[in-house]
Amino acid sequence: MTPSVTTHSIRKVLACLGLIVFAGALLVACGGCGGATTSPDGTAMTSTGGTASTPAYTSVTFGTDDGLCLGGRIYGRGARGIVLAHMYPADQTSWDGVAQDLAAEGFFVLTFDFRGYGESEGAKDIQYLDRDVTAAVITLRQAGAEEIVLIGASMGGTACLKSADQLQTLSSVRLAGVATLSAPVQFQGLSAEEAVPRLQIPLLFIDAEGDSAASGARDLQGLAGGRGTLVILPGSDHGTDLFAGSQAVEAWRLLLDFIQESMPTTI
């Protein structure tokens, strides 16, 4: 069985990525994986119900430490970075509105498809999704983000927590916090049970009271020794569906407040 992400594998990703430049376009190289294309103009719904009519993102590809090529999208630019990890069985497009709104707030945002989903290579090996989060973080860091918050929906949240356990020890990455939406402690071989007690960064666990996954948010806060902030919202929306339901405004406020508190000023 392939081992979980380690500090050695993180260094391997760094070596694989090499030099990345963001100046109108992002250039990523990792073997046969690399390049960037600017998205066409289009109007898209945002997380707060408005619309965005400017070119929304730049498409990118980047490599994982075990040799897969993942597809992603860059929104905005700047020193304060955010990686958005999608839920099951969705793909990165489930974050489009939120990503655009965060970019409008001045953040440098990366969404991506997990292995086997959307534009990414490989099988849907959920037990290794933390590797994909790590590769995304290193990609955004190499592109210019000086501090980064991880935000994951459902299985994406579990993957973010597991990845954060390794990333928080690196001097090359300033990990500012992790927020999860409807994340379970374990999902199809992916587990954050051992990682969460070791996390020494700000944590936010959001869920809906009518969602069967709400117990996961409570369990995660327990594993964090009560250090994480737990918010249970009314309703039953799951993951990124929270931004389309009756609690959309509150979910957005909670997320934005957490990000701004974790990365309070522009570097």
# chains A, B, ... in the order shown; residues from 1 in each chain; ligands from 1
$ residues_around --residues "Pro202 (chain A)" --least-positions-apart "4" --cutoff "12 Å" --atoms "only C-alpha atoms" --output "PyMOL selection string"
chain A and resi 148-151+161+164+168+175-180+196+198+221+224+226-230+258-263
$ write_last_selection --atoms "N, CA and C atoms" --output "tab-separated table (two decimals), in the first residue's frame"
chain	number	residue	atom	x	y	z
A	148	ILE	N	-1.61	30.52	3.84
A	148	ILE	CA	-2.68	29.79	3.17
A	148	ILE	C	-3.66	29.22	4.19
A	149	VAL	N	-4.95	29.35	3.89
A	149	VAL	CA	-6.02	28.70	4.64
A	149	VAL	C	-6.59	27.58	3.77
A	150	LEU	N	-6.81	26.43	4.38
A	150	LEU	CA	-7.44	25.31	3.69
A	150	LEU	C	-8.92	25.28	4.03
A	151	ILE	N	-9.76	25.07	3.02
A	151	ILE	CA	-11.20	24.94	3.22
A	151	ILE	C	-11.68	23.72	2.46
A	161	LEU	N	-7.65	18.35	6.65
A	161	LEU	CA	-7.18	18.16	8.02
A	161	LEU	C	-5.97	17.23	8.06
A	164	ALA	N	-2.97	19.01	6.56
A	164	ALA	CA	-2.50	20.09	7.44
A	164	ALA	C	-1.56	19.59	8.51
A	168	GLN	N	1.81	21.90	8.55
A	168	GLN	CA	2.06	22.85	9.62
A	168	GLN	C	3.49	22.78	10.16
A	175	LEU	N	0.84	27.79	7.12
A	175	LEU	CA	-0.54	27.35	7.10
A	175	LEU	C	-1.29	28.11	8.19
A	176	ALA	N	-2.29	28.91	7.78
A	176	ALA	CA	-2.94	29.84	8.72
A	176	ALA	C	-4.20	29.26	9.36
A	177	GLY	N	-4.76	28.18	8.81
A	177	GLY	CA	-5.97	27.61	9.41
A	177	GLY	C	-6.65	26.63	8.48
A	178	VAL	N	-7.60	25.88	9.04
A	178	VAL	CA	-8.40	24.94	8.27
A	178	VAL	C	-9.87	25.09	8.66
A	179	ALA	N	-10.73	25.23	7.66
A	179	ALA	CA	-12.18	25.25	7.88
A	179	ALA	C	-12.81	24.09	7.12
A	180	THR	N	-13.76	23.41	7.75
A	180	THR	CA	-14.44	22.30	7.09
A	180	THR	C	-15.94	22.51	7.07
A	196	VAL	N	-5.95	15.33	13.58
A	196	VAL	CA	-6.60	16.47	14.22
A	196	VAL	C	-6.04	16.80	15.61
A	198	ARG	N	-3.17	16.72	16.65
A	198	ARG	CA	-1.84	17.33	16.54
A	198	ARG	C	-1.87	18.73	15.93
A	221	GLN	N	-14.32	18.38	16.52
A	221	GLN	CA	-14.03	19.34	17.58
A	221	GLN	C	-13.53	18.62	18.84
A	224	ALA	N	-10.03	17.70	18.45
A	224	ALA	CA	-9.19	18.89	18.55
A	224	ALA	C	-9.07	19.39	19.99
A	226	GLY	N	-11.42	20.60	21.82
A	226	GLY	CA	-12.22	21.79	22.01
A	226	GLY	C	-11.58	23.05	21.47
A	227	ARG	N	-10.41	22.94	20.84
A	227	ARG	CA	-9.74	24.13	20.32
A	227	ARG	C	-10.40	24.66	19.05
A	228	GLY	N	-11.03	23.78	18.31
A	228	GLY	CA	-11.71	24.21	17.10
A	228	GLY	C	-13.04	24.86	17.41
A	229	THR	N	-13.48	25.75	16.54
A	229	THR	CA	-14.79	26.38	16.68
A	229	THR	C	-15.83	25.54	15.96
A	230	LEU	N	-16.88	25.15	16.66
A	230	LEU	CA	-17.94	24.33	16.09
A	230	LEU	C	-19.18	25.19	15.89
A	258	PHE	N	-13.69	33.76	9.48
A	258	PHE	CA	-12.60	32.86	9.87
A	258	PHE	C	-11.35	33.14	9.05
A	259	ILE	N	-11.52	33.31	7.75
A	259	ILE	CA	-10.37	33.58	6.88
A	259	ILE	C	-9.70	34.89	7.26
A	260	GLN	N	-10.51	35.93	7.47
A	260	GLN	CA	-9.94	37.24	7.79
A	260	GLN	C	-9.28	37.26	9.16
A	261	GLU	N	-9.80	36.48	10.10
A	261	GLU	CA	-9.16	36.38	11.41
A	261	GLU	C	-7.86	35.58	11.32
A	262	SER	N	-7.83	34.55	10.46
A	262	SER	CA	-6.65	33.72	10.32
A	262	SER	C	-5.55	34.42	9.53
A	263	MET	N	-5.96	35.25	8.57
A	263	MET	CA	-5.01	36.04	7.76
A	263	MET	C	-5.45	37.49	7.79
$ select_by_dssp --residues "region 35-143 of chain A" --states "alpha helix (DSSP H)" --output "list in words"
Asp96, Gly97, Val98, Ala99, Gln100, Asp101, Leu102, Ala103, Ala104, Leu129, Asp130, Arg131, Asp132, Val133, Thr134, Ala135, Ala136, Val137, Ile138, Thr139, Leu140, Arg141 and Gln142 of chain A
$ write_last_selection --atoms "N, CA and C atoms" --output "CSV table (one decimal), in the first residue's frame"
chain,number,residue,atom,x,y,z
A,96,ASP,N,-17.0,27.2,-7.6
A,96,ASP,CA,-16.9,28.4,-8.5
A,96,ASP,C,-17.3,29.7,-7.9
A,97,GLY,N,-18.6,29.7,-7.4
A,97,GLY,CA,-19.1,31.0,-6.9
A,97,GLY,C,-18.4,31.5,-5.7
A,98,VAL,N,-18.1,30.6,-4.7
A,98,VAL,CA,-17.3,30.9,-3.5
A,98,VAL,C,-15.9,31.4,-3.9
A,99,ALA,N,-15.3,30.8,-4.8
A,99,ALA,CA,-13.9,31.2,-5.3
A,99,ALA,C,-13.9,32.6,-5.9
A,100,GLN,N,-14.9,32.9,-6.7
A,100,GLN,CA,-15.0,34.2,-7.3
A,100,GLN,C,-15.2,35.3,-6.2
A,101,ASP,N,-16.1,35.0,-5.2
A,101,ASP,CA,-16.3,35.9,-4.2
A,101,ASP,C,-15.1,36.2,-3.3
A,102,LEU,N,-14.3,35.1,-3.0
A,102,LEU,CA,-13.1,35.2,-2.2
A,102,LEU,C,-12.1,36.0,-3.0
A,103,ALA,N,-12.0,35.8,-4.3
A,103,ALA,CA,-11.0,36.6,-5.1
A,103,ALA,C,-11.4,38.0,-5.1
A,104,ALA,N,-12.7,38.3,-5.1
A,104,ALA,CA,-13.2,39.7,-5.1
A,104,ALA,C,-12.8,40.4,-3.7
A,129,LEU,N,-6.3,11.3,-0.8
A,129,LEU,CA,-6.7,12.6,-1.2
A,129,LEU,C,-5.9,13.7,-0.5
A,130,ASP,N,-5.3,13.4,0.7
A,130,ASP,CA,-4.5,14.4,1.4
A,130,ASP,C,-3.3,14.7,0.6
A,131,ARG,N,-2.8,13.8,-0.3
A,131,ARG,CA,-1.7,14.1,-1.1
A,131,ARG,C,-2.0,15.2,-2.1
A,132,ASP,N,-3.3,15.1,-2.6
A,132,ASP,CA,-3.7,16.1,-3.6
A,132,ASP,C,-3.8,17.5,-3.0
A,133,VAL,N,-4.3,17.6,-1.7
A,133,VAL,CA,-4.3,18.8,-1.0
A,133,VAL,C,-2.9,19.4,-0.8
A,134,THR,N,-2.0,18.6,-0.4
A,134,THR,CA,-0.6,19.0,-0.2
A,134,THR,C,0.0,19.6,-1.5
A,135,ALA,N,-0.3,18.9,-2.6
A,135,ALA,CA,0.3,19.4,-3.9
A,135,ALA,C,-0.4,20.7,-4.3
A,136,ALA,N,-1.7,20.9,-4.0
A,136,ALA,CA,-2.3,22.1,-4.3
A,136,ALA,C,-1.8,23.3,-3.4
A,137,VAL,N,-1.5,23.0,-2.2
A,137,VAL,CA,-1.0,24.0,-1.3
A,137,VAL,C,0.4,24.5,-1.8
A,138,ILE,N,1.3,23.5,-2.1
A,138,ILE,CA,2.6,23.8,-2.5
A,138,ILE,C,2.6,24.6,-3.9
A,139,THR,N,1.6,24.2,-4.7
A,139,THR,CA,1.5,24.9,-6.0
A,139,THR,C,1.1,26.4,-5.7
A,140,LEU,N,0.2,26.7,-4.8
A,140,LEU,CA,-0.3,28.0,-4.6
A,140,LEU,C,0.9,28.8,-3.9
A,141,ARG,N,1.6,28.1,-3.0
A,141,ARG,CA,2.7,28.8,-2.3
A,141,ARG,C,3.8,29.2,-3.4
A,142,GLN,N,4.1,28.3,-4.3
A,142,GLN,CA,5.1,28.6,-5.3
A,142,GLN,C,4.6,29.7,-6.2
$ atom_distance --atom1 "CA of Arg115 (chain A)" --atom2 "CA of Leu70 (chain A)"
6.6 Å
$ select_by_dssp --residues "region 204-266 of chain A" --states "strand (DSSP E or B)" --output "PyMOL selection string"
chain A and resi 204-208+229-233
$ write_last_selection --atoms "C-alpha atoms" --output "compact mmCIF listing (two decimals), in the first residue's frame"
# COMPACT_ATOMS: atom_id res chain seq x y z
CA LEU A 204 -13.51 25.86 12.12
CA PHE A 205 -16.03 23.02 11.83
CA ILE A 206 -19.36 23.95 10.17
CA ASP A 207 -22.33 21.65 9.67
CA ALA A 208 -26.14 21.64 9.47
CA THR A 229 -14.79 26.38 16.68
CA LEU A 230 -17.94 24.33 16.09
CA VAL A 231 -20.97 25.88 14.36
CA ILE A 232 -24.13 23.88 13.71
CA LEU A 233 -26.51 25.71 11.37
$ atom_distance --atom1 "CA of Phe107 (chain A)" --atom2 "CA of Gly67 (chain A)"
28.7 Å
$ residues_around --residues "Gln188 (chain A)" --least-positions-apart "2" --cutoff "8 Å" --atoms "only C-alpha atoms" --output "mmCIF file with C-alpha atoms, in the first residue's frame"
data_model
loop_
_atom_site.group_PDB
_atom_site.id
_atom_site.type_symbol
_atom_site.label_atom_id
_atom_site.label_comp_id
_atom_site.auth_asym_id
_atom_site.auth_seq_id
_atom_site.Cartn_x
_atom_site.Cartn_y
_atom_site.Cartn_z
ATOM 1 C CA ILE A 126 -10.040 8.491 -1.649
ATOM 2 C CA GLN A 127 -7.565 7.240 0.941
ATOM 3 C CA GLN A 186 -13.311 9.110 8.278
ATOM 4 C CA LEU A 190 -9.397 8.501 4.420
#
$ closest_residue --among "A:Gly189, A:Gly71, A:Pro197, A:Pro184" --to "Gly122 (chain A)" --atoms "only C-alpha atoms"
A:Gly71
$ closest_residue --among "A:Ala153, A:Gly216, A:Glu209, A:Arg174" --to "Gln247 (chain A)" --atoms "only C-alpha atoms"
A:Glu209
$ atom_distance --atom1 "CA of Ala244 (chain A)" --atom2 "CA of Trp95 (chain A)"
11.2 Å
